[in-house]
4 protein chains.
Amino acid sequence: MMNTIGTILSLTTFGESHGPAMGGVLDGMPAGVDIDLERLQRFVDRRRTGQTTGSSSRDEKDRVEVLSGIWQGKTLGTPIGFVVRNTDAHSEDYKELANVYRPNHADFTYQAKYGTRDPRGGGRASARETVARVVAGGIALQALASLGISIEARIEGAADLDQSISQAASQGDTLGGIVVCTIKGVPAGLGEPVFGKLHAQLAAAMMSIPSVHGFEYGDGFEMAGKRGSEVMDVFEKRPDGSIGTVTNHSGGIQGGISNGEDITMRIAFKPVPTLMRPVNTVDHDGNAVVLQPRGRHDVCVIPRALPIVEAMAALVILDAFLLNKTTRL
Amino acid sequence: MMNTIGTILSLTTFGESHGPAMGGVLDGMPAGVDIDLERLQRFVDRRRTGQTTGSSSRDEKDRVEVLSGIWQGKTLGTPIGFVVRNTDAHSEDYKELANVYRPNHADFTYQAKYGTRDPRGGGRASARETVARVVAGGIALQALASLGISIEARIEGAADLDQSISQAASQGDTLGGIVVCTIKGVPAGLGEPVFGKLHAQLAAAMMSIPSVHGFEYGDGFEMAGKRGSEVMDVFEKRPDGSIGTVTNHSGGIQGGISNGEDITMRIAFKPVPTLMRPVNTVDHDGNAVVLQPRGRHDVCVIPRALPIVEAMAALVILDAFLLNKTTRL
Amino acid sequence: MMNTIGTILSLTTFGESHGPAMGGVLDGMPAGVDIDLERLQRFVDRRRTGQTTGSSSRDEKDRVEVLSGIWQGKTLGTPIGFVVRNTDAHSEDYKELANVYRPNHADFTYQAKYGTRDPRGGGRASARETVARVVAGGIALQALASLGISIEARIEGAADLDQSISQAASQGDTLGGIVVCTIKGVPAGLGEPVFGKLHAQLAAAMMSIPSVHGFEYGDGFEMAGKRGSEVMDVFEKRPDGSIGTVTNHSGGIQGGISNGEDITMRIAFKPVPTLMRPVNTVDHDGNAVVLQPRGRHDVCVIPRALPIVEAMAALVILDAFLLNKTTRL
Amino acid sequence: MMNTIGTILSLTTFGESHGPAMGGVLDGMPAGVDIDLERLQRFVDRRRTGQTTGSSSRDEKDRVEVLSGIWQGKTLGTPIGFVVRNTDAHSEDYKELANVYRPNHADFTYQAKYGTRDPRGGGRASARETVARVVAGGIALQALASLGISIEARIEGAADLDQSISQAASQGDTLGGIVVCTIKGVPAGLGEPVFGKLHAQLAAAMMSIPSVHGFEYGDGFEMAGKRGSEVMDVFEKRPDGSIGTVTNHSGGIQGGISNGEDITMRIAFKPVPTLMRPVNTVDHDGNAVVLQPRGRHDVCVIPRALPIVEAMAALVILDAFLLNKTTRL
């Protein structure tokens, strides 16, 4: 709830965009798992700015400092606390925004909810928050790899994206996009019936990423327009004696439980809400205000979203794996 | 987790399709709320079979028996236990299925997970499970109504659906469809930051409904192909002095928190997996089997899904409303 | 929280003393566990009235009706829903109490909390609520027995109790007492560090039983007056090669985690609050009232408390056993 | 569960005794609460060593670094992340202990549970872990103070304690003791029925403190030997028109819910397990080992336990206060 996700493996995060640090606690990691901290840092680096066209010029080093739970290269079974310092915040850019509501941002809703907010860089609502997810997910990915489970997110239509980003940027505009994610090697049996369906957990995890507006798994929305006979994943006996499905319209999950096929999903991101052109809005009292372009922002978050999607998928799958160990006495 | 959903207002359900009863416990309902049990029964009746083209001929009366938590027409603040008896189960129809895996059903995955399952009518994986959600959601809806919050689900493209269902049925085939849901009257401020975003909770709730393969809110997947300037919900001061948005691409939620506009979402259902024609599959040992059509099944669940969608939305919104009361001291 | 206890194995209960039924949902029970329902009924019968000196004359049959989760004598891994009907309630005895606060009961606090309450038989605050715990705990006990774990509660000073009860009853007075509970066969490693310490979970479970005012494990309060050298449980290598402690001042738990020795604890129950003599109190408006003895009540609940204590211990230990399965990958 | 406590207001902690830092995340704090960080530091300082007879010579500065959730002297409603660095660890003292199980410590049980452990200073099982509780509890105390609720813990028999400590220390021995805690100003209505009883939550919180072996509230264990007529808290109307009890055997809680009287409880701590004299034990393989006195340890933890008890009480009461806001619509 709130700032925690997961049942056995749970991640709690904290941090405002321009506060001293982002961080989190990953609890429930099994003991004795090898963790390569350099590999973890490289995974976190994939989310950094400055690596792709149109990414923000805020230059955070994002050095991961692990404070507990990992010792001599292995997990202890105790909670893994970590921080990532904020070192390149330009808070003065946000001074004028203290009483103004930027459209499609969370300024208005945070103010409505809490009666206060940290306006610097979007505060807690900033996508900078996701750095903690990537740290935790990167640890989970290493555990999953030791189980033969791999996760890959990619950009749908990536071929044309660079050019589109440049074009949008030149017009002070922004883009969204779609991330496709595939999870391979998941054994049959993960996920819980009814409210804990594996795809419901994946949906909640993905929809919790800033800017995500849609989630589907398997053939998703397309299935709504198909007939039952068109999307039937017929079972077959495979040469190795196992049972699998000939097709995978179901996206690797049936009845909310993994069936051993690849888990597939698509995640829709809305365009970045901050434009580099004047935008009309109102202030706290309802007075009309014209926002002038300012601050450092991505034109399109999709390239940086890939490790975030992989991280969230990893947290969900490892949690489901652990929970499934309790299914039999 | 597993068979429970919700943080403050939590619903735990139980029941197998052909067991003695379905039921649940709705905990966390505030005290002193008027509950009209006849109105509740009418809401539950909307989910019953036999009311629309192509629905199953299994004729369950679905009488709701409230066992606790409501007294003299008002909630006590104590948990509301309830049962709905299963009275028209034809378990003999499923005898042959004990060792057979029906495609696109949960037979295989339950067996993989638990090493056992109740094959009668799909057991716990049957959509009959949703009757408990509708009972609990119907109670939540009455509480929401007293707060001025209303929820309406409708079928997208309903005009053509009857004919399509008849046509599919005549071919022993089945249909899916899309349900659109709108929530009106939600105050600004509901939903929690980061992992408890209101749309993440709605997504998890909707994706937990059997057969759902996709969820989006606001402009959803369409936003992924738009530019930032095209989906900007500009704020304005309204005649009554309040602040609102001119458009509602965001679907009433920004930064995971309601902004006071209508909450809008679309939910994609896959076609019913049981066809009324022979289907190839395998048994527990991988031997090829041809399933003959048998049992009583819907051709399309969409008409019966409407109260289920409304019920799940009601549970999420009322829970968020209660949790939001703790935001300030 | 509220009406649910447990992390993996969770019990949610419902029911008011004079409502139609008590009941609960036991979720998270592993699949494939043999459950003997007649043995379960015999365990529940141990809590019934009329079996010991001074127990209430309310004669409930307490027939357990299992509604789901157990099929053909085995658990399915799905939630176990059950009800126990209330059949011998005399609600008219409580008519005069609707606006009166009985001392040492929950009448006043429920009214303060909820602004309403069901006064009949104490409503939700009645110890009748514990019947659902005994049903669920009885199921857990059968699972534990298959693991070689046994639980036994006994009355401290039982030799003199019968006579004391008769004496107190003859004076319209009531008694409390102490229950001692021993858990044998628990493997080392159960319990979680910090907030999930095994004895903290046991304490919460026992303190949640009506009338309990104190909990201690191992040498408990006595340890506070001892020196470190007097309570040192020195380790030794045993003939079978295992490591154990020579003494057991620690009560089988060290650092919140079981060490393989017997788990021992003592639980203090206050005297029954309903006297069979006139008692001074006030009504809702603060007016002085003299309560006349009425209704059917126990003189001492200790004999009936034994299966309740065993049930709660069983729920905690099985939950800890399941959670511990996730400690390693 | 595990390293998290609380429902609405939740604290998650992390840190090993000789790792880089201890820390935690306090989530669910309401927005807009004034927090005086210097006052918080003074509260945390009460737990430091070197202030009372017989406390450890490990000299940690325990400077609290708040990383999020508090801005310009007020809470934001977002999670409060904080760290306290470990700066005076002497890990070399523990080198010989890597394979040895100290009696009455958690060495053996952690090894049994996780198959590994950080032996330096007791790792996660060290009472140094409690510094994070005191930080979080100190914040909760400030919120409670603004509501008129105060908490005070004191040592039972404090008059004689100094001399006893000196005497035990001179013999290389250690002491336990009893802490009495009183909570004043709690409104009637806090606590949840059945499993969430206020005293059950307090018991779990107190029993989770290292070394605690017993908990009681009100007249506690003494009530077990009393008659009902002797412990009856008769209600009366007070001059201000409110209803209260003449006596307070119940310790401010009835039916698990606060009744507005002072909440009283007693908490028993076992003696410190590390003696400054040779102690017999075994190593990982069961070989006999004589532990030589080494390291820096308290002779008696009771003086330093006072702020820990107050902190845990504060977390429970504020959580119950927040949860109680959801009791009515």
# chains A, B, ... in the order shown; residues from 1 in each chain; ligands from 1

$ closest_atom_pairs --of "chain B" --to "chain D" --cutoff "8 Å" --atoms "only C-alpha atoms" --output "tab-separated table"
residue	atom	partner	partner_atom	distance
B:Ile8	CA	D:Thr326	CA	7.7
B:Gly28	CA	D:Thr327	CA	7.5
B:Met29	CA	D:Thr327	CA	7.5
B:Pro30	CA	D:Arg328	CA	4.5
B:Ala31	CA	D:Arg328	CA	5.3
B:Gly32	CA	D:Arg328	CA	7.1
B:Val33	CA	D:Leu329	CA	7.5
B:Gly77	CA	D:Thr327	CA	6.7
B:Leu322	CA	D:Thr326	CA	5.4
B:Leu323	CA	D:Thr326	CA	7.1
B:Lys325	CA	D:Lys325	CA	6.4
B:Thr326	CA	D:Leu322	CA	5.4
B:Thr327	CA	D:Pro30	CA	4.8
B:Arg328	CA	D:Pro30	CA	4.5
B:Leu329	CA	D:Pro30	CA	5.5

$ write_last_selection --atoms "all heavy atoms" --output "compact mmCIF listing (two decimals), in the first residue's frame"
# COMPACT_ATOMS: atom_id res chain seq x y z
N ILE B 8 -8.13 -0.81 3.82
CA ILE B 8 -9.01 -0.55 4.97
C ILE B 8 -10.29 -1.34 4.77
O ILE B 8 -10.69 -2.12 5.62
CB ILE B 8 -9.35 0.95 5.06
CG1 ILE B 8 -8.09 1.78 5.23
CG2 ILE B 8 -10.35 1.18 6.20
CD1 ILE B 8 -7.37 1.56 6.50
N GLY B 28 -14.07 -3.71 7.43
CA GLY B 28 -13.68 -2.31 7.33
C GLY B 28 -14.77 -1.38 6.87
O GLY B 28 -14.51 -0.19 6.68
N MET B 29 -15.99 -1.89 6.68
CA MET B 29 -17.09 -0.98 6.34
C MET B 29 -17.35 -0.07 7.53
O MET B 29 -17.49 -0.54 8.66
CB MET B 29 -18.37 -1.79 6.06
CG MET B 29 -18.62 -2.10 4.61
SD MET B 29 -18.82 -0.65 3.50
CE MET B 29 -20.43 -0.06 4.04
N PRO B 30 -17.42 1.21 7.27
CA PRO B 30 -17.72 2.14 8.37
C PRO B 30 -19.05 1.79 9.03
O PRO B 30 -19.91 1.18 8.41
CB PRO B 30 -17.78 3.50 7.67
CG PRO B 30 -17.01 3.33 6.42
CD PRO B 30 -17.21 1.91 6.01
N ALA B 31 -19.20 2.21 10.27
CA ALA B 31 -20.43 1.96 11.01
C ALA B 31 -21.49 3.00 10.67
O ALA B 31 -21.18 4.12 10.26
CB ALA B 31 -20.14 2.02 12.51
N GLY B 32 -22.75 2.60 10.81
CA GLY B 32 -23.84 3.55 10.69
C GLY B 32 -24.29 3.84 9.27
O GLY B 32 -25.05 4.79 9.04
N VAL B 33 -23.84 3.04 8.31
CA VAL B 33 -24.25 3.24 6.91
C VAL B 33 -25.56 2.49 6.67
O VAL B 33 -25.66 1.30 6.99
CB VAL B 33 -23.16 2.75 5.95
CG1 VAL B 33 -23.59 2.94 4.50
CG2 VAL B 33 -21.83 3.46 6.23
N GLY B 77 -20.08 -1.67 11.71
CA GLY B 77 -18.64 -1.45 11.75
C GLY B 77 -17.88 -2.76 11.90
O GLY B 77 -16.65 -2.77 11.82
N LEU B 322 -11.68 5.91 2.29
CA LEU B 322 -11.42 5.70 3.72
C LEU B 322 -9.95 5.95 4.04
O LEU B 322 -9.62 6.62 5.02
CB LEU B 322 -11.82 4.27 4.12
CG LEU B 322 -13.33 4.00 4.04
CD1 LEU B 322 -13.61 2.51 4.25
CD2 LEU B 322 -14.09 4.84 5.05
N LEU B 323 -9.08 5.42 3.19
CA LEU B 323 -7.65 5.59 3.44
C LEU B 323 -7.28 7.07 3.42
O LEU B 323 -6.42 7.53 4.19
CB LEU B 323 -6.85 4.81 2.38
CG LEU B 323 -5.37 4.67 2.62
CD1 LEU B 323 -5.06 4.16 4.02
CD2 LEU B 323 -4.76 3.74 1.58
N LYS B 325 -8.86 9.47 4.51
CA LYS B 325 -9.21 10.16 5.76
C LYS B 325 -8.03 10.20 6.72
O LYS B 325 -8.06 10.94 7.71
CB LYS B 325 -10.39 9.44 6.44
CG LYS B 325 -11.70 9.59 5.70
CD LYS B 325 -12.76 8.63 6.22
CE LYS B 325 -13.47 9.14 7.43
NZ LYS B 325 -14.60 10.03 7.13
N THR B 326 -7.01 9.40 6.46
CA THR B 326 -5.85 9.37 7.36
C THR B 326 -4.73 10.28 6.87
O THR B 326 -3.65 10.30 7.47
CB THR B 326 -5.30 7.93 7.47
OG1 THR B 326 -4.70 7.55 6.23
CG2 THR B 326 -6.40 6.94 7.82
N THR B 327 -4.97 11.02 5.81
CA THR B 327 -3.91 11.82 5.21
C THR B 327 -3.53 13.03 6.08
O THR B 327 -2.42 13.55 5.99
CB THR B 327 -4.36 12.30 3.81
OG1 THR B 327 -4.68 11.13 3.04
CG2 THR B 327 -3.28 13.08 3.12
N ARG B 328 -4.48 13.47 6.86
CA ARG B 328 -4.18 14.59 7.77
C ARG B 328 -4.55 14.17 9.20
O ARG B 328 -5.42 13.34 9.40
CB ARG B 328 -4.96 15.83 7.35
CG ARG B 328 -4.84 16.06 5.83
CD ARG B 328 -4.80 17.44 5.40
NE ARG B 328 -5.08 17.54 3.96
CZ ARG B 328 -5.59 18.58 3.36
NH1 ARG B 328 -5.85 19.68 4.07
NH2 ARG B 328 -5.82 18.59 2.06
N LEU B 329 -3.89 14.78 10.15
CA LEU B 329 -4.04 14.38 11.54
C LEU B 329 -5.46 14.65 12.05
O LEU B 329 -6.00 15.71 11.87
CB LEU B 329 -3.02 15.14 12.40
CG LEU B 329 -2.56 14.41 13.66
CD1 LEU B 329 -2.05 13.03 13.34
CD2 LEU B 329 -1.47 15.22 14.33

$ residues_around --residues "region 88-93 of chain A" --least-positions-apart "6" --cutoff "6 Å" --atoms "only C-alpha atoms" --output "ChimeraX atom specification"
/A:18,60,120,295

$ select_by_dssp --residues "region 27-173 of chain A" --states "helix (DSSP H, G or I)" --output "NGL selection string"
:A and (37-45 or 91-99 or 107-114 or 120-125 or 127-146 or 158-170)

$ write_last_selection --atoms "C-alpha atoms" --output "short mmCIF file (atom, residue, chain, number, x, y, z; two decimals), in the first residue's frame"
data_model
loop_
_atom_site.label_atom_id
_atom_site.label_comp_id
_atom_site.auth_asym_id
_atom_site.auth_seq_id
_atom_site.Cartn_x
_atom_site.Cartn_y
_atom_site.Cartn_z
CA LEU A 37 27.06 -4.84 -6.99
CA GLU A 38 28.92 -3.66 -10.08
CA ARG A 39 26.44 -5.44 -12.29
CA LEU A 40 23.69 -3.82 -10.22
CA GLN A 41 25.21 -0.38 -10.80
CA ARG A 42 25.35 -1.01 -14.55
CA PHE A 43 21.68 -1.94 -14.51
CA VAL A 44 20.81 1.25 -12.65
CA ASP A 45 22.94 3.24 -15.11
CA SER A 91 15.58 23.87 -7.17
CA GLU A 92 15.57 27.51 -8.15
CA ASP A 93 13.89 26.50 -11.43
CA TYR A 94 10.80 25.64 -9.44
CA LYS A 95 10.45 28.70 -7.28
CA GLU A 96 7.71 30.21 -9.40
CA LEU A 97 5.83 26.94 -9.43
CA ALA A 98 5.08 26.79 -5.73
CA ASN A 99 1.55 28.06 -6.29
CA ASP A 107 0.76 19.41 -8.56
CA PHE A 108 -2.97 19.93 -8.20
CA THR A 109 -3.80 16.47 -6.89
CA TYR A 110 -1.01 16.40 -4.28
CA GLN A 111 -2.12 19.81 -3.05
CA ALA A 112 -5.72 18.57 -2.89
CA LYS A 113 -4.74 15.45 -1.01
CA TYR A 114 -2.15 16.72 1.45
CA ARG A 120 10.80 21.35 -6.26
CA GLY A 121 11.11 19.06 -9.25
CA GLY A 122 7.71 17.55 -8.67
CA GLY A 123 8.66 16.34 -5.20
CA ARG A 124 7.57 12.80 -4.52
CA ALA A 125 5.60 12.68 -7.80
CA ALA A 127 9.78 10.10 -12.02
CA ARG A 128 13.09 10.35 -10.22
CA GLU A 129 11.33 8.17 -7.66
CA THR A 130 11.79 5.23 -10.03
CA VAL A 131 15.52 5.03 -9.37
CA ALA A 132 14.75 3.16 -6.15
CA ARG A 133 12.62 0.68 -8.07
CA VAL A 134 15.46 0.03 -10.48
CA VAL A 135 17.90 -0.65 -7.64
CA ALA A 136 15.54 -3.13 -5.99
CA GLY A 137 14.47 -4.68 -9.26
CA GLY A 138 18.09 -5.06 -10.30
CA ILE A 139 18.72 -7.13 -7.18
CA ALA A 140 15.63 -9.23 -7.88
CA LEU A 141 16.80 -9.76 -11.47
CA GLN A 142 20.04 -11.29 -10.23
CA ALA A 143 18.11 -13.71 -8.05
CA LEU A 144 15.82 -14.59 -10.95
CA ALA A 145 18.77 -15.14 -13.27
CA SER A 146 20.06 -17.79 -10.89
CA ALA A 158 11.99 1.69 -31.89
CA ALA A 159 13.28 2.05 -35.45
CA ASP A 160 11.49 5.35 -35.95
CA LEU A 161 11.71 6.71 -32.50
CA ASP A 162 14.95 8.69 -32.63
CA GLN A 163 13.74 10.76 -35.54
CA SER A 164 10.34 11.30 -33.98
CA ILE A 165 11.92 12.49 -30.76
CA SER A 166 14.14 14.98 -32.57
CA GLN A 167 11.19 16.27 -34.51
CA ALA A 168 8.99 16.67 -31.43
CA ALA A 169 11.83 18.31 -29.50
CA SER A 170 12.34 20.84 -32.27
#

$ residues_around --residues "Glu65 (chain A)" --least-positions-apart "2" --cutoff "8 Å" --atoms "only C-alpha atoms" --output "PyMOL selection string"
chain A and resi 63+67+82-84

$ write_last_selection --atoms "N, CA and C atoms" --output "PDB file, in the first residue's frame"
ATOM      1  N   ARG A  63      24.789   6.844  -7.975  1.00  0.00           N
ATOM      2  CA  ARG A  63      25.612   5.803  -7.331  1.00  0.00           C
ATOM      3  C   ARG A  63      24.781   5.131  -6.245  1.00  0.00           C
ATOM      4  N   LEU A  67      23.223  -0.245   2.202  1.00  0.00           N
ATOM      5  CA  LEU A  67      23.499   0.004   3.625  1.00  0.00           C
ATOM      6  C   LEU A  67      23.330  -1.219   4.513  1.00  0.00           C
ATOM      7  N   PHE A  82      19.004   0.894   0.990  1.00  0.00           N
ATOM      8  CA  PHE A  82      19.919   1.543   0.037  1.00  0.00           C
ATOM      9  C   PHE A  82      19.501   2.984  -0.192  1.00  0.00           C
ATOM     10  N   VAL A  83      20.467   3.804  -0.560  1.00  0.00           N
ATOM     11  CA  VAL A  83      20.174   5.193  -0.927  1.00  0.00           C
ATOM     12  C   VAL A  83      20.903   5.557  -2.214  1.00  0.00           C
ATOM     13  N   VAL A  84      20.322   6.516  -2.918  1.00  0.00           N
ATOM     14  CA  VAL A  84      20.925   7.115  -4.112  1.00  0.00           C
ATOM     15  C   VAL A  84      20.800   8.623  -3.902  1.00  0.00           C
TER      16      VAL A  84
END

$ select_by_dssp --residues "region 216-279 of chain C" --states "strand (DSSP E)" --output "PyMOL selection string"
chain C and resi 216-217+235-237+243-245+253-254+257-258+263-269+279

$ closest_residue --among "C:Gly54, C:Gly23, C:Asn259, C:Arg46" --to "Ser68 (chain B)" --atoms "only C-alpha atoms"
C:Gly23

$ residues_around --residues "region 234-245 of chain B" --least-positions-apart "2" --cutoff "10 Å" --atoms "only C-alpha atoms" --output "count of residues only"
27

$ atom_distance --atom1 "CA of Val179 (chain D)" --atom2 "CA of Asp36 (chain D)"
27.0 Å

$ closest_residue --among "B:Ala106, B:Ala320, B:Ile308, B:Leu11" --to "Pro273 (chain B)" --atoms "only C-alpha atoms"
B:Ala106

$ decode --residues "region 306-326 of chain D" --atoms "N, CA, C and O atoms" --output "PDB file, in the first residue's frame"
ATOM      1  N   LEU D 306      13.993   2.744  27.984  1.00  0.00           N
ATOM      2  CA  LEU D 306      12.833   3.623  28.197  1.00  0.00           C
ATOM      3  C   LEU D 306      12.380   4.324  26.910  1.00  0.00           C
ATOM      4  O   LEU D 306      11.199   4.266  26.569  1.00  0.00           O
ATOM      5  N   PRO D 307      13.290   5.005  26.196  1.00  0.00           N
ATOM      6  CA  PRO D 307      12.808   5.644  24.954  1.00  0.00           C
ATOM      7  C   PRO D 307      12.359   4.634  23.896  1.00  0.00           C
ATOM      8  O   PRO D 307      11.516   4.964  23.056  1.00  0.00           O
ATOM      9  N   ILE D 308      12.889   3.431  23.958  1.00  0.00           N
ATOM     10  CA  ILE D 308      12.453   2.408  22.987  1.00  0.00           C
ATOM     11  C   ILE D 308      11.008   2.021  23.269  1.00  0.00           C
ATOM     12  O   ILE D 308      10.184   1.924  22.354  1.00  0.00           O
ATOM     13  N   VAL D 309      10.694   1.813  24.535  1.00  0.00           N
ATOM     14  CA  VAL D 309       9.314   1.486  24.913  1.00  0.00           C
ATOM     15  C   VAL D 309       8.381   2.633  24.545  1.00  0.00           C
ATOM     16  O   VAL D 309       7.295   2.423  23.979  1.00  0.00           O
ATOM     17  N   GLU D 310       8.802   3.835  24.839  1.00  0.00           N
ATOM     18  CA  GLU D 310       7.951   4.995  24.491  1.00  0.00           C
ATOM     19  C   GLU D 310       7.757   5.094  22.979  1.00  0.00           C
ATOM     20  O   GLU D 310       6.668   5.411  22.500  1.00  0.00           O
ATOM     21  N   ALA D 311       8.824   4.823  22.259  1.00  0.00           N
ATOM     22  CA  ALA D 311       8.743   4.897  20.793  1.00  0.00           C
ATOM     23  C   ALA D 311       7.768   3.869  20.237  1.00  0.00           C
ATOM     24  O   ALA D 311       6.918   4.180  19.389  1.00  0.00           O
ATOM     25  N   MET D 312       7.866   2.641  20.729  1.00  0.00           N
ATOM     26  CA  MET D 312       6.968   1.603  20.220  1.00  0.00           C
ATOM     27  C   MET D 312       5.521   1.905  20.596  1.00  0.00           C
ATOM     28  O   MET D 312       4.601   1.691  19.796  1.00  0.00           O
ATOM     29  N   ALA D 313       5.311   2.389  21.795  1.00  0.00           N
ATOM     30  CA  ALA D 313       3.955   2.757  22.205  1.00  0.00           C
ATOM     31  C   ALA D 313       3.405   3.862  21.309  1.00  0.00           C
ATOM     32  O   ALA D 313       2.238   3.831  20.898  1.00  0.00           O
ATOM     33  N   ALA D 314       4.266   4.825  20.988  1.00  0.00           N
ATOM     34  CA  ALA D 314       3.824   5.945  20.148  1.00  0.00           C
ATOM     35  C   ALA D 314       3.417   5.468  18.758  1.00  0.00           C
ATOM     36  O   ALA D 314       2.414   5.924  18.198  1.00  0.00           O
ATOM     37  N   LEU D 315       4.203   4.575  18.198  1.00  0.00           N
ATOM     38  CA  LEU D 315       3.878   4.068  16.861  1.00  0.00           C
ATOM     39  C   LEU D 315       2.526   3.351  16.865  1.00  0.00           C
ATOM     40  O   LEU D 315       1.713   3.531  15.953  1.00  0.00           O
ATOM     41  N   VAL D 316       2.282   2.551  17.892  1.00  0.00           N
ATOM     42  CA  VAL D 316       1.018   1.812  17.964  1.00  0.00           C
ATOM     43  C   VAL D 316      -0.160   2.762  18.162  1.00  0.00           C
ATOM     44  O   VAL D 316      -1.188   2.636  17.482  1.00  0.00           O
ATOM     45  N   ILE D 317      -0.015   3.717  19.065  1.00  0.00           N
ATOM     46  CA  ILE D 317      -1.151   4.602  19.374  1.00  0.00           C
ATOM     47  C   ILE D 317      -1.479   5.513  18.191  1.00  0.00           C
ATOM     48  O   ILE D 317      -2.645   5.709  17.841  1.00  0.00           O
ATOM     49  N   LEU D 318      -0.457   6.048  17.536  1.00  0.00           N
ATOM     50  CA  LEU D 318      -0.746   6.926  16.403  1.00  0.00           C
ATOM     51  C   LEU D 318      -1.367   6.138  15.251  1.00  0.00           C
ATOM     52  O   LEU D 318      -2.288   6.611  14.578  1.00  0.00           O
ATOM     53  N   ASP D 319      -0.882   4.923  15.048  1.00  0.00           N
ATOM     54  CA  ASP D 319      -1.472   4.074  14.019  1.00  0.00           C
ATOM     55  C   ASP D 319      -2.944   3.800  14.336  1.00  0.00           C
ATOM     56  O   ASP D 319      -3.809   3.902  13.452  1.00  0.00           O
ATOM     57  N   ALA D 320      -3.232   3.475  15.580  1.00  0.00           N
ATOM     58  CA  ALA D 320      -4.620   3.207  15.981  1.00  0.00           C
ATOM     59  C   ALA D 320      -5.481   4.459  15.831  1.00  0.00           C
ATOM     60  O   ALA D 320      -6.650   4.378  15.436  1.00  0.00           O
ATOM     61  N   PHE D 321      -4.893   5.601  16.139  1.00  0.00           N
ATOM     62  CA  PHE D 321      -5.618   6.864  15.995  1.00  0.00           C
ATOM     63  C   PHE D 321      -6.011   7.094  14.534  1.00  0.00           C
ATOM     64  O   PHE D 321      -7.141   7.475  14.227  1.00  0.00           O
ATOM     65  N   LEU D 322      -5.059   6.856  13.641  1.00  0.00           N
ATOM     66  CA  LEU D 322      -5.329   7.072  12.217  1.00  0.00           C
ATOM     67  C   LEU D 322      -6.356   6.071  11.700  1.00  0.00           C
ATOM     68  O   LEU D 322      -7.291   6.425  10.982  1.00  0.00           O
ATOM     69  N   LEU D 323      -6.179   4.821  12.078  1.00  0.00           N
ATOM     70  CA  LEU D 323      -7.102   3.791  11.606  1.00  0.00           C
ATOM     71  C   LEU D 323      -8.513   4.081  12.089  1.00  0.00           C
ATOM     72  O   LEU D 323      -9.500   3.844  11.380  1.00  0.00           O
ATOM     73  N   ASN D 324      -8.623   4.617  13.291  1.00  0.00           N
ATOM     74  CA  ASN D 324      -9.934   4.892  13.862  1.00  0.00           C
ATOM     75  C   ASN D 324     -10.684   5.987  13.092  1.00  0.00           C
ATOM     76  O   ASN D 324     -11.913   6.090  13.192  1.00  0.00           O
ATOM     77  N   LYS D 325      -9.950   6.782  12.318  1.00  0.00           N
ATOM     78  CA  LYS D 325     -10.611   7.823  11.513  1.00  0.00           C
ATOM     79  C   LYS D 325     -11.472   7.216  10.411  1.00  0.00           C
ATOM     80  O   LYS D 325     -12.283   7.907   9.801  1.00  0.00           O
ATOM     81  N   THR D 326     -11.255   5.934  10.135  1.00  0.00           N
ATOM     82  CA  THR D 326     -12.010   5.297   9.049  1.00  0.00           C
ATOM     83  C   THR D 326     -13.239   4.547   9.568  1.00  0.00           C
ATOM     84  O   THR D 326     -13.920   3.875   8.810  1.00  0.00           O
TER      85      THR D 326
END
